[in-house]
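J.: Pasting query-v7.txt here (compact mmCIF, C-alpha atoms):
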# COMPACT_ATOMS: atom_id res chain seq x y z
CA MET Z 200 120.67 121.24 114.09
CA ALA Z 201 120.22 117.51 114.68
CA GLU Z 202 120.65 116.41 118.29
CA GLU Z 203 120.58 112.68 117.55
CA ILE Z 204 120.81 110.57 114.37
CA GLN Z 205 120.02 106.85 114.23
CA MET Z 206 120.03 104.43 111.30
CA MET Z 207 116.93 102.20 111.02
CA ASN Z 208 117.04 99.72 108.13
CA ARG Z 209 117.27 102.07 105.13
CA LEU Z 210 115.96 105.09 107.03
CA TRP Z 211 117.43 107.72 109.31
CA SER Z 212 115.74 108.82 112.50
CA ILE Z 213 116.61 112.43 113.38
CA ARG Z 214 115.91 114.21 116.64
CA SER Z 215 116.06 118.03 116.53
CA PRO Z 216 114.75 120.90 118.66
CA GLN Z 217 111.71 120.97 116.36
CA GLY Z 218 110.83 117.31 116.95
CA LYS Z 219 111.65 113.81 115.72
CA TRP Z 220 111.72 112.98 112.02
CA VAL Z 221 112.36 110.16 109.57
CA ILE Z 222 114.42 110.65 106.41
CA LYS Z 223 113.88 108.15 103.60
CA PRO Z 224 115.98 107.89 100.42
CA TYR Z 225 114.67 107.31 96.89
CA LYS Z 226 116.69 106.72 93.72
CA ASN Z 227 115.41 108.19 90.46
CA SER Z 228 111.93 108.29 92.00
CA ARG Z 229 110.78 111.89 92.11
CA PRO Z 230 107.54 110.97 90.23
CA LEU Z 231 106.92 108.34 92.92
CA ILE Z 232 107.48 110.95 95.66
CA GLN Z 233 104.97 113.26 93.99
CA TRP Z 234 102.44 110.41 93.81
CA LEU Z 235 103.00 109.48 97.47
CA SER Z 236 102.56 113.06 98.64
CA PHE Z 237 99.41 113.47 96.55
CA LEU Z 238 98.00 110.13 97.71
CA THR Z 239 98.74 110.81 101.36
CA SER Z 240 97.10 114.23 101.14
CA GLU Z 241 94.01 112.77 99.46
CA ILE Z 242 93.55 109.95 101.99
CA ARG Z 243 94.15 112.22 104.96
CA GLY Z 244 91.71 114.69 103.44
CA ASN Z 245 89.14 111.89 103.16
CA GLY Z 246 89.40 111.36 106.92
CA PHE Z 247 92.07 108.71 107.50
CA LYS Z 248 94.80 110.48 109.46
CA GLN Z 249 96.88 107.48 110.57
CA ILE Z 250 99.37 107.72 107.71
CA PRO Z 251 102.43 110.01 107.93
CA ASN Z 252 102.55 112.97 105.57
CA ILE Z 253 105.58 114.09 103.57
CA LEU Z 254 106.90 117.47 104.71
CA ILE Z 255 107.54 120.33 102.31
CA ASN Z 256 110.95 121.99 102.73
CA GLN Z 257 111.75 125.70 102.90
CA HIS Z 258 111.94 125.87 99.10
CA GLY Z 259 108.43 124.47 98.70
CA LEU Z 260 109.69 121.06 97.54
CA LEU Z 261 108.82 117.56 98.74
CA TRP Z 262 112.41 116.35 98.58
CA PHE Z 263 116.01 117.40 98.90
CA GLY Z 264 119.09 115.99 97.22
CA THR Z 265 119.62 115.36 93.51
CA ASP Z 266 117.55 114.00 90.64
CA GLN Z 267 119.29 110.64 91.08
CA SER Z 268 119.11 110.51 94.89
CA ALA Z 269 116.16 112.26 96.47
CA TYR Z 270 115.23 112.24 100.17
CA ILE Z 271 111.93 112.90 101.90
CA VAL Z 272 111.20 113.92 105.50
CA MET Z 273 108.26 112.60 107.51
CA PRO Z 274 107.25 112.91 111.16
CA HIS Z 275 108.58 110.08 113.30
CA ILE Z 276 105.84 107.87 114.75
CA ASP Z 277 106.48 106.26 118.10
CA GLY Z 278 104.94 102.84 118.37
CA LYS Z 279 105.63 99.13 118.22
CA LYS Z 280 105.53 97.10 115.06
CA ALA Z 281 102.55 94.77 114.82
CA ASN Z 282 103.26 91.15 115.65
CA TYR Z 283 101.15 88.76 113.55
CA ALA Z 284 101.62 86.07 116.19
CA VAL Z 285 99.64 88.22 118.66
CA LYS Z 286 95.87 88.16 118.12
CA MET Z 287 95.31 91.65 119.50
CA ASP Z 288 97.89 93.09 117.09
CA VAL Z 289 96.28 91.26 114.19
CA GLU Z 290 92.85 92.60 115.09
CA LYS Z 291 94.17 96.16 115.32
CA ALA Z 292 95.91 95.80 111.96
CA VAL Z 293 92.81 94.38 110.27
CA LYS Z 294 90.56 97.11 111.66
CA SER Z 295 93.04 99.78 110.58
CA LEU Z 296 93.25 98.29 107.09
CA ALA Z 297 89.45 98.24 106.74
CA VAL Z 298 89.19 101.89 107.81
CA PHE Z 299 92.04 102.78 105.43
CA HIS Z 300 90.17 101.13 102.55
CA HIS Z 301 86.96 102.92 103.50
CA HIS Z 302 88.69 106.29 103.04
CA ALA Z 303 91.13 105.38 100.24
CA GLY Z 304 88.79 105.57 97.30
CA TRP Z 305 87.48 107.98 94.68
CA ILE Z 306 90.84 109.73 94.70
CA ASP Z 307 91.22 112.84 92.55
CA ASP Z 308 92.58 112.02 89.08
CA LYS Z 309 95.28 114.73 89.06
CA GLN Z 310 98.09 112.19 89.51
CA ILE Z 311 98.78 108.91 87.70
CA PRO Z 312 99.72 106.03 90.04
CA PRO Z 313 102.46 103.47 89.30
CA PHE Z 314 101.49 100.58 87.06
CA TYR Z 315 102.04 96.98 88.17
CA PRO Z 316 101.54 93.69 86.30
CA SER Z 317 98.31 91.75 86.75
CA LEU Z 318 98.07 89.39 89.71
CA LYS Z 319 97.91 86.39 87.38
CA LYS Z 320 101.22 87.38 85.80
CA LYS Z 321 102.78 87.90 89.22
CA LEU Z 322 101.65 84.52 90.51
CA LEU Z 323 102.87 82.75 87.37
CA HIS Z 324 106.21 84.55 87.64
CA ARG Z 325 106.54 83.64 91.31
CA MET Z 326 105.84 79.97 90.54
CA GLU Z 327 108.35 79.97 87.66
CA GLN Z 328 110.97 81.54 89.93
CA PHE Z 329 110.43 78.82 92.51
CA GLU Z 330 110.55 76.07 89.87
CA ARG Z 331 114.01 77.29 88.86
CA VAL Z 332 115.08 77.34 92.51
CA TYR Z 333 113.67 73.85 93.06
CA GLN Z 334 115.40 72.42 89.99
CA ALA Z 335 118.71 73.92 91.13
CA ILE Z 336 118.28 72.35 94.57
CA ILE Z 337 117.52 68.82 93.39
CA MET Z 338 120.56 68.93 91.07
CA LYS Z 339 122.92 69.70 93.98
CA GLU Z 340 124.85 66.82 95.51
CA LYS Z 341 125.40 68.52 98.86
CA LYS Z 342 122.41 70.35 100.27
CA THR Z 343 121.94 72.50 103.35
CA ASP Z 344 119.19 71.58 105.80
CA LEU Z 345 117.07 74.40 104.38
CA GLU Z 346 117.60 73.16 100.83
CA LYS Z 347 116.68 69.63 101.89
CA MET Z 348 113.44 70.89 103.44
CA ILE Z 349 112.49 72.99 100.42
CA GLY Z 350 113.50 70.18 98.09
CA SER Z 351 111.27 67.70 99.93
CA LEU Z 352 108.25 70.03 99.69
CA GLY Z 353 108.89 71.64 96.33
CA LYS Z 354 107.27 69.11 94.02
CA ASP Z 355 104.00 69.09 95.97
CA MET Z 356 103.95 72.88 96.28
CA ILE Z 357 104.34 73.31 92.52
CA LYS Z 358 101.51 70.82 92.01
CA PHE Z 359 99.28 72.72 94.49
CA ALA Z 360 100.09 76.01 92.74
CA LYS Z 361 99.14 74.71 89.31
CA GLU Z 362 95.88 73.28 90.64
CA ALA Z 363 95.09 76.59 92.38
CA LEU Z 364 95.69 78.58 89.20
CA GLU Z 365 93.06 76.43 87.47
CA LEU Z 366 90.52 77.25 90.18
CA ILE Z 367 91.02 81.02 90.52
CA SER Z 368 88.32 83.09 88.79
CA PHE Z 369 90.71 85.42 86.97
CA SER Z 370 88.00 86.78 84.67
CA MET Z 371 86.00 87.88 87.72
CA LEU Z 372 89.15 89.31 89.28
CA ASP Z 373 89.92 91.25 86.09
CA GLN Z 374 86.44 92.75 86.21
CA MET Z 375 86.91 93.80 89.84
CA GLN Z 376 90.32 95.25 89.03
CA GLN Z 377 88.74 97.35 86.30
CA GLU Z 378 86.11 98.59 88.75
CA ALA Z 379 88.88 99.55 91.18
CA LEU Z 380 90.63 101.54 88.45
CA GLU Z 381 87.43 103.30 87.43
CA ASN Z 382 86.66 104.23 91.03
CA ARG Z 383 90.32 104.97 91.88
CA LEU Z 384 90.33 102.60 94.87
CA VAL Z 385 93.70 102.42 96.61
CA ALA Z 386 95.33 99.22 97.87
CA HIS Z 387 98.44 99.35 100.06
CA ARG Z 388 100.05 96.26 98.46
CA ASP Z 389 102.75 95.70 101.10
CA LEU Z 390 101.16 94.50 104.31
CA ALA Z 391 104.18 93.18 106.14
CA SER Z 392 103.68 93.38 109.90
CA HIS Z 393 106.27 96.16 110.25
CA ASN Z 394 104.08 98.46 108.17
CA PHE Z 395 101.60 98.70 111.03
CA LEU Z 396 102.76 100.81 113.98
CA ILE Z 397 100.70 100.53 117.16
CA ASN Z 398 100.48 103.07 119.97
CA ASN Z 399 97.20 104.51 121.23
CA GLN Z 400 96.01 104.01 117.65
CA THR Z 401 97.21 101.98 114.66
CA TRP Z 402 99.20 103.66 111.92
CA ILE Z 403 99.77 102.36 108.39
CA ILE Z 404 103.14 103.32 106.93
CA ASP Z 405 105.17 102.82 103.74
CA LEU Z 406 102.81 103.47 100.83
CA ASP Z 407 105.63 103.04 98.29
CA LEU Z 408 103.78 100.25 96.44
CA ALA Z 409 100.29 101.70 96.83
CA SER Z 410 98.26 101.98 93.67
CA TYR Z 411 94.75 101.55 92.30
CA GLU Z 412 93.82 97.92 92.82
CA ALA Z 413 90.96 95.78 94.14
CA GLN Z 414 91.25 96.46 97.85
CA PHE Z 415 90.31 92.99 99.04
CA LEU Z 416 93.66 91.81 97.66
CA ASP Z 417 95.24 93.63 100.60
CA LEU Z 418 93.16 91.47 102.94
CA TRP Z 419 94.25 88.34 101.06
CA GLN Z 420 97.89 89.35 101.42
CA LEU Z 421 97.48 90.07 105.13
CA LEU Z 422 95.64 86.77 105.67
CA ASN Z 423 98.45 84.84 104.01
CA ARG Z 424 101.06 86.49 106.23
CA VAL Z 425 99.02 86.03 109.43
CA MET Z 426 98.03 82.44 108.69
CA LEU Z 427 101.69 81.44 108.54
CA GLU Z 428 101.83 82.36 112.24
CA TRP Z 429 98.56 80.57 113.04
CA GLU Z 430 99.24 77.39 111.04
CA TRP Z 431 96.30 78.07 108.75
CA ASP Z 432 93.74 77.73 111.51
CA LEU Z 433 90.35 78.08 109.80
CA ALA Z 434 88.69 79.74 112.80
CA SER Z 435 91.36 82.46 112.81
CA PHE Z 436 90.92 82.96 109.05
CA ILE Z 437 87.16 83.45 109.44
CA ARG Z 438 87.66 85.71 112.47
CA ILE Z 439 89.92 88.05 110.50
CA GLU Z 440 87.43 88.21 107.65
CA ASP Z 441 84.63 88.98 110.11
CA VAL Z 442 86.60 91.77 111.80
CA TYR Z 443 87.30 93.36 108.42
CA HIS Z 444 83.71 92.83 107.24
CA GLY Z 445 82.39 94.59 110.33
CA ILE Z 446 83.95 97.83 109.06
CA ARG Z 447 84.26 97.47 105.30
CA LYS Z 448 81.69 95.02 103.89
CA LEU Z 449 83.10 92.15 101.86
CA GLN Z 450 81.16 91.10 98.78
CA GLY Z 451 80.49 87.43 98.17
CA ARG Z 452 82.72 87.46 95.08
CA GLU Z 453 85.54 89.03 97.11
CA LYS Z 454 85.35 86.25 99.71
CA LYS Z 455 85.27 83.67 96.92
CA ILE Z 456 88.46 84.93 95.28
CA ILE Z 457 90.24 85.35 98.62
CA ARG Z 458 89.62 81.66 99.31
CA GLN Z 459 90.72 80.66 95.82
CA LEU Z 460 93.91 82.74 96.02
CA SER Z 461 94.69 81.33 99.46
CA LEU Z 462 95.11 77.89 97.87
CA PHE Z 463 98.16 79.19 95.99
CA PRO Z 464 101.34 78.69 98.09
CA ASN Z 465 102.56 82.20 97.34
CA ASP Z 466 104.29 82.91 100.63
CA PHE Z 467 106.05 79.54 100.63
CA PHE Z 468 107.46 80.40 97.20
CA ARG Z 469 108.36 83.95 98.20
CA GLU Z 470 110.06 83.02 101.47
CA SER Z 471 111.93 80.11 99.89
CA ILE Z 472 113.34 82.32 97.14
CA CYS Z 473 114.30 85.06 99.58
CA LEU Z 474 115.89 82.72 102.10
CA LEU Z 475 117.95 80.83 99.55
CA TYR Z 476 119.00 83.52 97.16
CA THR Z 477 118.44 86.77 99.11
CA SER Z 478 115.78 89.32 98.33
CA ASP Z 479 117.52 90.17 95.02
CA ALA Z 480 116.14 86.93 93.59
CA ALA Z 481 112.60 87.94 94.48
CA ASP Z 482 110.59 90.77 92.98
CA GLU Z 483 111.97 93.86 94.67
CA GLU Z 484 109.30 95.98 92.99
CA ASP Z 485 106.46 93.88 94.29
CA SER Z 486 105.96 92.25 97.66
CA VAL Z 487 102.87 90.17 96.77
Can the structure from this file be put into structure tokens for me?

T.:
Amino acid sequence: MAEEIQMMNRLWSIRSPQGKWVIKPYKNSRPLIQWLSFLTSEIRGNGFKQIPNILINQHGLLWFGTDQSAYIVMPHIDGKKANYAVKMDVEKAVKSLAVFHHHAGWIDDKQIPPFYPSLKKKLLHRMEQFERVYQAIIMKEKKTDLEKMIGSLGKDMIKFAKEALELISFSMLDQMQQEALENRLVAHRDLASHNFLINNQTWIIDLDLASYEAQFLDLWQLLNRVMLEWEWDLASFIRIEDVYHGIRKLQGREKKIIRQLSLFPNDFFRESICLLYTSDAADEEDSV
């Protein structure tokens, strides 16, 4: 019997005599739930315990509900969300990510992970989305302050994006992606600050987008999010790389591609699209 029920975003927090739990809904995603349970078990078995496991119910199933609307139950984790504007939180998140990567590899091949488009396709799609948004803005007679700001920056940002795409070593990246697939290396792929929970240790949550991918792309994504808070301060960029490298060594080619990818104004495009046209206009299946 639940003693307390609270709604948190799209989750429910339940307090019962047996403890505190989180219930998360999924639509038509039982294969995804099976993958998440398998992946969590593998990573925890490899030694990284700071990810919540999915509980099995009294019938031996990972979910309850219907085929169309399934729900999973996980232990509730008390802790504060990481704040990328706080250096200590960033350092804890980066260290946790590096340790996660160290243990999230050579996964058993009993389950097939979700497939996602190549990074090049995603970046091109993101730029094309923004170009449509930009063209719609400049055609408007009356613009909001936000539209005026995005309109004033849009032309240069598209130019920067096209120049960056010419510089990125996609052939090298494709090779590294293939190596990640062969070695079944797991990337989280959704490193928003709220997916790190900090208490006496740092937890990584929400593996819904996790799949086999070159792991350094997680670091690139985290760097892009953090650098927005730190106004692209080069010293902070290098410091984050060094903290990560102290736990999980970065190859020279990984550093090279991180720098190349960081020239692409991905987060400017993503945030502009989301702010103007809600998250439905952005890629709901992919947070890159």

J.: Which is closest to Thr401 in chain Z among Z:Gly259, Z:Leu254, Z:Pro230, Z:Lys280, if we use only C-alpha atoms?

T.: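 Checking each candidate against Thr401 in chain Z, we get Z:Lys280 as the closest.
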
J.: Have a look at Z:Trp262, Z:Tyr411, Z:Arg438, Z:Ile253 and name the one nearest to Pro316 in chain Z; count all atoms listed in the file.

T.: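 Residue with the minimum atom-to-atom distance to Pro316 in chain Z: Z:Tyr411.
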
J.: Separation of CA of Ile397 in chain Z and CA of Ile276 in chain Z, in Å?

T.: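 Spanning CA of Ile397 in chain Z to CA of Ile276 in chain Z is a straight-line distance of 9.3 Å.
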
J.: List as a ChimeraX atom specification the protein and nucleic acid residues near Lys226 in chain Z, meaning an atom at most 12 Å away when only C-alpha atoms are counted, but skip any in the same chain fewer than 3 places from it.

T.: /Z:223,229-232,262-271

J.: Can you pull out every residue within 9 Å of Ser240 in chain Z, counting all atoms listed in the file, but drop anything in the same chain fewer than 5 positions away, and send it as a list of chain:residue names?

T.: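 Using all atoms listed in the file, the neighbours found are Z:Leu235, Z:Asn245, Z:Asn252, Z:Ile253.
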
J.: Edge lengths and centre in Å to one decimal, as AutoDock Vina command-line options, of the axis-aligned box that encloses all listed atoms of range 214-225 of chain Z with 4 Å added on every side?

T.:
--center_x 113.4 --center_y 114.1 --center_z 107.8 --size_x 13.2 --size_y 21.7 --size_z 29.8

J.: Using all atoms listed in the file, which residue out of Z:Glu430, Z:Ile437, Z:Val425, Z:Arg452 lies closest to Tyr283 in chain Z?

T.: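 Using all atoms listed in the file, Tyr283 in chain Z sits closest to Z:Val425.
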
J.: Restricting the calculation to all atoms listed in the file: of Z:Ile222, Z:Val285, Z:Leu372, Z:Val385, which residue gets closest to Leu261 in chain Z?

T.: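 Of Z:Ile222, Z:Val285, Z:Leu372, Z:Val385, the one nearest Leu261 in chain Z is Z:Ile222, counting all atoms listed in the file.
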
J.: Write out as an MDAnalysis selection string which residues come within 10 Å of Gln414 in chain Z when counting all atoms listed in the file, dropping same-chain ones fewer than 2 positions away.

T.: chainID Z and resid 296:297 299:301 303:304 375:376 379 384:388 410:412 416:419 453

J.: In Å, rounded to a single decimal, give me how far CA of Thr239 in chain Z is from CA of Pro313 in chain Z.

T.: 14.6 Å

J.: I'd like the interatomic distance between CA of Gln334 in chain Z and CA of Glu470 in chain Z, to a tenth of an Å.

T.: 16.5 Å

J.: Pick out the closest residue to Lys342 in chain Z from this set: Z:Ile204, Z:Leu475, Z:Ala413, Z:Lys219. Count all atoms listed in the file.

T.: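 Selected residue with least distance to Lys342 in chain Z: Z:Leu475.
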
J.: Nearest to His444 in chain Z: which of Z:Ile250, Z:Leu318, Z:Leu366, Z:Val293 is it, counting only C-alpha atoms?

T.: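 Counting only C-alpha atoms, the residue closest to His444 in chain Z is Z:Val293.
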
J.: If we count all atoms listed in the file and set the cut-off at 7 Å, which residues sit around Trp305 in chain Z, ignoring sequence neighbours fewer than 2 positions away in its own chain? Please answer as number ranges by chain.

T.: Z: 307, 382-384

J.: Can I get the selected residues back with C-alpha atoms, as a PDB file, in the frame of the given file?

T.:
ATOM      1  CA  ASP Z 307      91.220 112.840  92.550  1.00  0.00           C
ATOM      2  CA  ASN Z 382      86.660 104.230  91.030  1.00  0.00           C
ATOM      3  CA  ARG Z 383      90.320 104.970  91.880  1.00  0.00           C
ATOM      4  CA  LEU Z 384      90.330 102.600  94.870  1.00  0.00           C
TER       5      LEU Z 384
END

J.: Quick one: everything within 12 Å of Ser471 in chain Z, counting only C-alpha atoms, minus sequence neighbours fewer than 2 positions away in the same chain. Send it as a VMD selection string.

T.: chain Z and resid 325 to 326 328 to 333 336 345 to 350 352 to 353 356 464 to 469 473 to 478 480 to 481

J.: With the input short on atoms, add N, CA and C atoms back to range 223-256 of chain Z and write it as a PDB file, keeping the file's coordinate frame.

T.:
ATOM      1  N   LYS Z 223     113.917 109.360 104.431  1.00  0.00           N
ATOM      2  CA  LYS Z 223     113.880 108.150 103.600  1.00  0.00           C
ATOM      3  C   LYS Z 223     114.446 108.463 102.219  1.00  0.00           C
ATOM      4  N   PRO Z 224     115.383 107.640 101.730  1.00  0.00           N
ATOM      5  CA  PRO Z 224     115.980 107.890 100.420  1.00  0.00           C
ATOM      6  C   PRO Z 224     115.202 107.234  99.275  1.00  0.00           C
ATOM      7  N   TYR Z 225     115.249 107.863  98.114  1.00  0.00           N
ATOM      8  CA  TYR Z 225     114.670 107.310  96.890  1.00  0.00           C
ATOM      9  C   TYR Z 225     115.661 107.537  95.757  1.00  0.00           C
ATOM     10  N   LYS Z 226     115.802 106.558  94.874  1.00  0.00           N
ATOM     11  CA  LYS Z 226     116.690 106.720  93.720  1.00  0.00           C
ATOM     12  C   LYS Z 226     115.847 106.865  92.453  1.00  0.00           C
ATOM     13  N   ASN Z 227     116.095 107.945  91.732  1.00  0.00           N
ATOM     14  CA  ASN Z 227     115.410 108.190  90.460  1.00  0.00           C
ATOM     15  C   ASN Z 227     113.892 108.042  90.596  1.00  0.00           C
ATOM     16  N   SER Z 228     113.345 108.544  91.695  1.00  0.00           N
ATOM     17  CA  SER Z 228     111.930 108.290  92.000  1.00  0.00           C
ATOM     18  C   SER Z 228     111.151 109.543  92.341  1.00  0.00           C
ATOM     19  N   ARG Z 229     111.524 110.692  91.787  1.00  0.00           N
ATOM     20  CA  ARG Z 229     110.780 111.890  92.110  1.00  0.00           C
ATOM     21  C   ARG Z 229     109.306 111.797  91.681  1.00  0.00           C
ATOM     22  N   PRO Z 230     108.972 111.158  90.535  1.00  0.00           N
ATOM     23  CA  PRO Z 230     107.540 110.970  90.230  1.00  0.00           C
ATOM     24  C   PRO Z 230     106.822 110.151  91.303  1.00  0.00           C
ATOM     25  N   LEU Z 231     107.515 109.139  91.849  1.00  0.00           N
ATOM     26  CA  LEU Z 231     106.920 108.340  92.920  1.00  0.00           C
ATOM     27  C   LEU Z 231     106.681 109.199  94.164  1.00  0.00           C
ATOM     28  N   ILE Z 232     107.640 110.066  94.499  1.00  0.00           N
ATOM     29  CA  ILE Z 232     107.480 110.950  95.660  1.00  0.00           C
ATOM     30  C   ILE Z 232     106.276 111.870  95.468  1.00  0.00           C
ATOM     31  N   GLN Z 233     106.120 112.394  94.264  1.00  0.00           N
ATOM     32  CA  GLN Z 233     104.970 113.260  93.990  1.00  0.00           C
ATOM     33  C   GLN Z 233     103.663 112.493  94.152  1.00  0.00           C
ATOM     34  N   TRP Z 234     103.634 111.240  93.665  1.00  0.00           N
ATOM     35  CA  TRP Z 234     102.440 110.410  93.810  1.00  0.00           C
ATOM     36  C   TRP Z 234     102.160 110.124  95.290  1.00  0.00           C
ATOM     37  N   LEU Z 235     103.196 109.791  96.051  1.00  0.00           N
ATOM     38  CA  LEU Z 235     103.000 109.480  97.470  1.00  0.00           C
ATOM     39  C   LEU Z 235     102.480 110.678  98.242  1.00  0.00           C
ATOM     40  N   SER Z 236     103.020 111.850  97.955  1.00  0.00           N
ATOM     41  CA  SER Z 236     102.560 113.060  98.640  1.00  0.00           C
ATOM     42  C   SER Z 236     101.112 113.357  98.289  1.00  0.00           C
ATOM     43  N   PHE Z 237     100.790 113.250  97.003  1.00  0.00           N
ATOM     44  CA  PHE Z 237      99.410 113.470  96.550  1.00  0.00           C
ATOM     45  C   PHE Z 237      98.462 112.463  97.191  1.00  0.00           C
ATOM     46  N   LEU Z 238      98.849 111.183  97.167  1.00  0.00           N
ATOM     47  CA  LEU Z 238      98.000 110.130  97.710  1.00  0.00           C
ATOM     48  C   LEU Z 238      97.774 110.313  99.203  1.00  0.00           C
ATOM     49  N   THR Z 239      98.845 110.594  99.923  1.00  0.00           N
ATOM     50  CA  THR Z 239      98.740 110.810 101.360  1.00  0.00           C
ATOM     51  C   THR Z 239      97.802 111.970 101.674  1.00  0.00           C
ATOM     52  N   SER Z 240      97.955 113.059 100.932  1.00  0.00           N
ATOM     53  CA  SER Z 240      97.100 114.230 101.140  1.00  0.00           C
ATOM     54  C   SER Z 240      95.639 113.896 100.873  1.00  0.00           C
ATOM     55  N   GLU Z 241      95.382 113.138  99.812  1.00  0.00           N
ATOM     56  CA  GLU Z 241      94.010 112.770  99.460  1.00  0.00           C
ATOM     57  C   GLU Z 241      93.369 111.900 100.546  1.00  0.00           C
ATOM     58  N   ILE Z 242      94.108 110.879 101.003  1.00  0.00           N
ATOM     59  CA  ILE Z 242      93.550 109.950 101.990  1.00  0.00           C
ATOM     60  C   ILE Z 242      93.347 110.644 103.332  1.00  0.00           C
ATOM     61  N   ARG Z 243      94.316 111.460 103.724  1.00  0.00           N
ATOM     62  CA  ARG Z 243      94.150 112.220 104.960  1.00  0.00           C
ATOM     63  C   ARG Z 243      92.974 113.192 104.834  1.00  0.00           C
ATOM     64  N   GLY Z 244      92.836 113.789 103.665  1.00  0.00           N
ATOM     65  CA  GLY Z 244      91.710 114.690 103.440  1.00  0.00           C
ATOM     66  C   GLY Z 244      90.373 113.986 103.469  1.00  0.00           C
ATOM     67  N   ASN Z 245      90.369 112.683 103.110  1.00  0.00           N
ATOM     68  CA  ASN Z 245      89.140 111.890 103.160  1.00  0.00           C
ATOM     69  C   ASN Z 245      88.792 111.438 104.571  1.00  0.00           C
ATOM     70  N   GLY Z 246      89.722 111.660 105.525  1.00  0.00           N
ATOM     71  CA  GLY Z 246      89.400 111.360 106.920  1.00  0.00           C
ATOM     72  C   GLY Z 246      90.276 110.345 107.604  1.00  0.00           C
ATOM     73  N   PHE Z 247      91.189 109.681 106.855  1.00  0.00           N
ATOM     74  CA  PHE Z 247      92.070 108.710 107.500  1.00  0.00           C
ATOM     75  C   PHE Z 247      93.390 109.400 107.797  1.00  0.00           C
ATOM     76  N   LYS Z 248      93.634 109.686 109.065  1.00  0.00           N
ATOM     77  CA  LYS Z 248      94.800 110.480 109.460  1.00  0.00           C
ATOM     78  C   LYS Z 248      95.982 109.639 109.897  1.00  0.00           C
ATOM     79  N   GLN Z 249      95.820 108.316 109.998  1.00  0.00           N
ATOM     80  CA  GLN Z 249      96.880 107.480 110.570  1.00  0.00           C
ATOM     81  C   GLN Z 249      97.882 107.021 109.508  1.00  0.00           C
ATOM     82  N   ILE Z 250      98.253 107.923 108.630  1.00  0.00           N
ATOM     83  CA  ILE Z 250      99.370 107.720 107.710  1.00  0.00           C
ATOM     84  C   ILE Z 250     100.236 108.979 107.785  1.00  0.00           C
ATOM     85  N   PRO Z 251     101.566 108.827 107.813  1.00  0.00           N
ATOM     86  CA  PRO Z 251     102.430 110.010 107.930  1.00  0.00           C
ATOM     87  C   PRO Z 251     102.456 110.802 106.632  1.00  0.00           C
ATOM     88  N   ASN Z 252     102.472 112.124 106.753  1.00  0.00           N
ATOM     89  CA  ASN Z 252     102.550 112.970 105.570  1.00  0.00           C
ATOM     90  C   ASN Z 252     103.993 113.323 105.259  1.00  0.00           C
ATOM     91  N   ILE Z 253     104.253 113.665 104.001  1.00  0.00           N
ATOM     92  CA  ILE Z 253     105.580 114.090 103.570  1.00  0.00           C
ATOM     93  C   ILE Z 253     105.685 115.594 103.753  1.00  0.00           C
ATOM     94  N   LEU Z 254     106.758 116.050 104.413  1.00  0.00           N
ATOM     95  CA  LEU Z 254     106.900 117.470 104.710  1.00  0.00           C
ATOM     96  C   LEU Z 254     107.478 118.224 103.516  1.00  0.00           C
ATOM     97  N   ILE Z 255     107.024 119.443 103.342  1.00  0.00           N
ATOM     98  CA  ILE Z 255     107.540 120.330 102.310  1.00  0.00           C
ATOM     99  C   ILE Z 255     108.675 121.156 102.902  1.00  0.00           C
ATOM    100  N   ASN Z 256     109.798 121.275 102.174  1.00  0.00           N
ATOM    101  CA  ASN Z 256     110.950 121.990 102.730  1.00  0.00           C
ATOM    102  C   ASN Z 256     110.814 123.511 102.515  1.00  0.00           C
TER     103      ASN Z 256
END
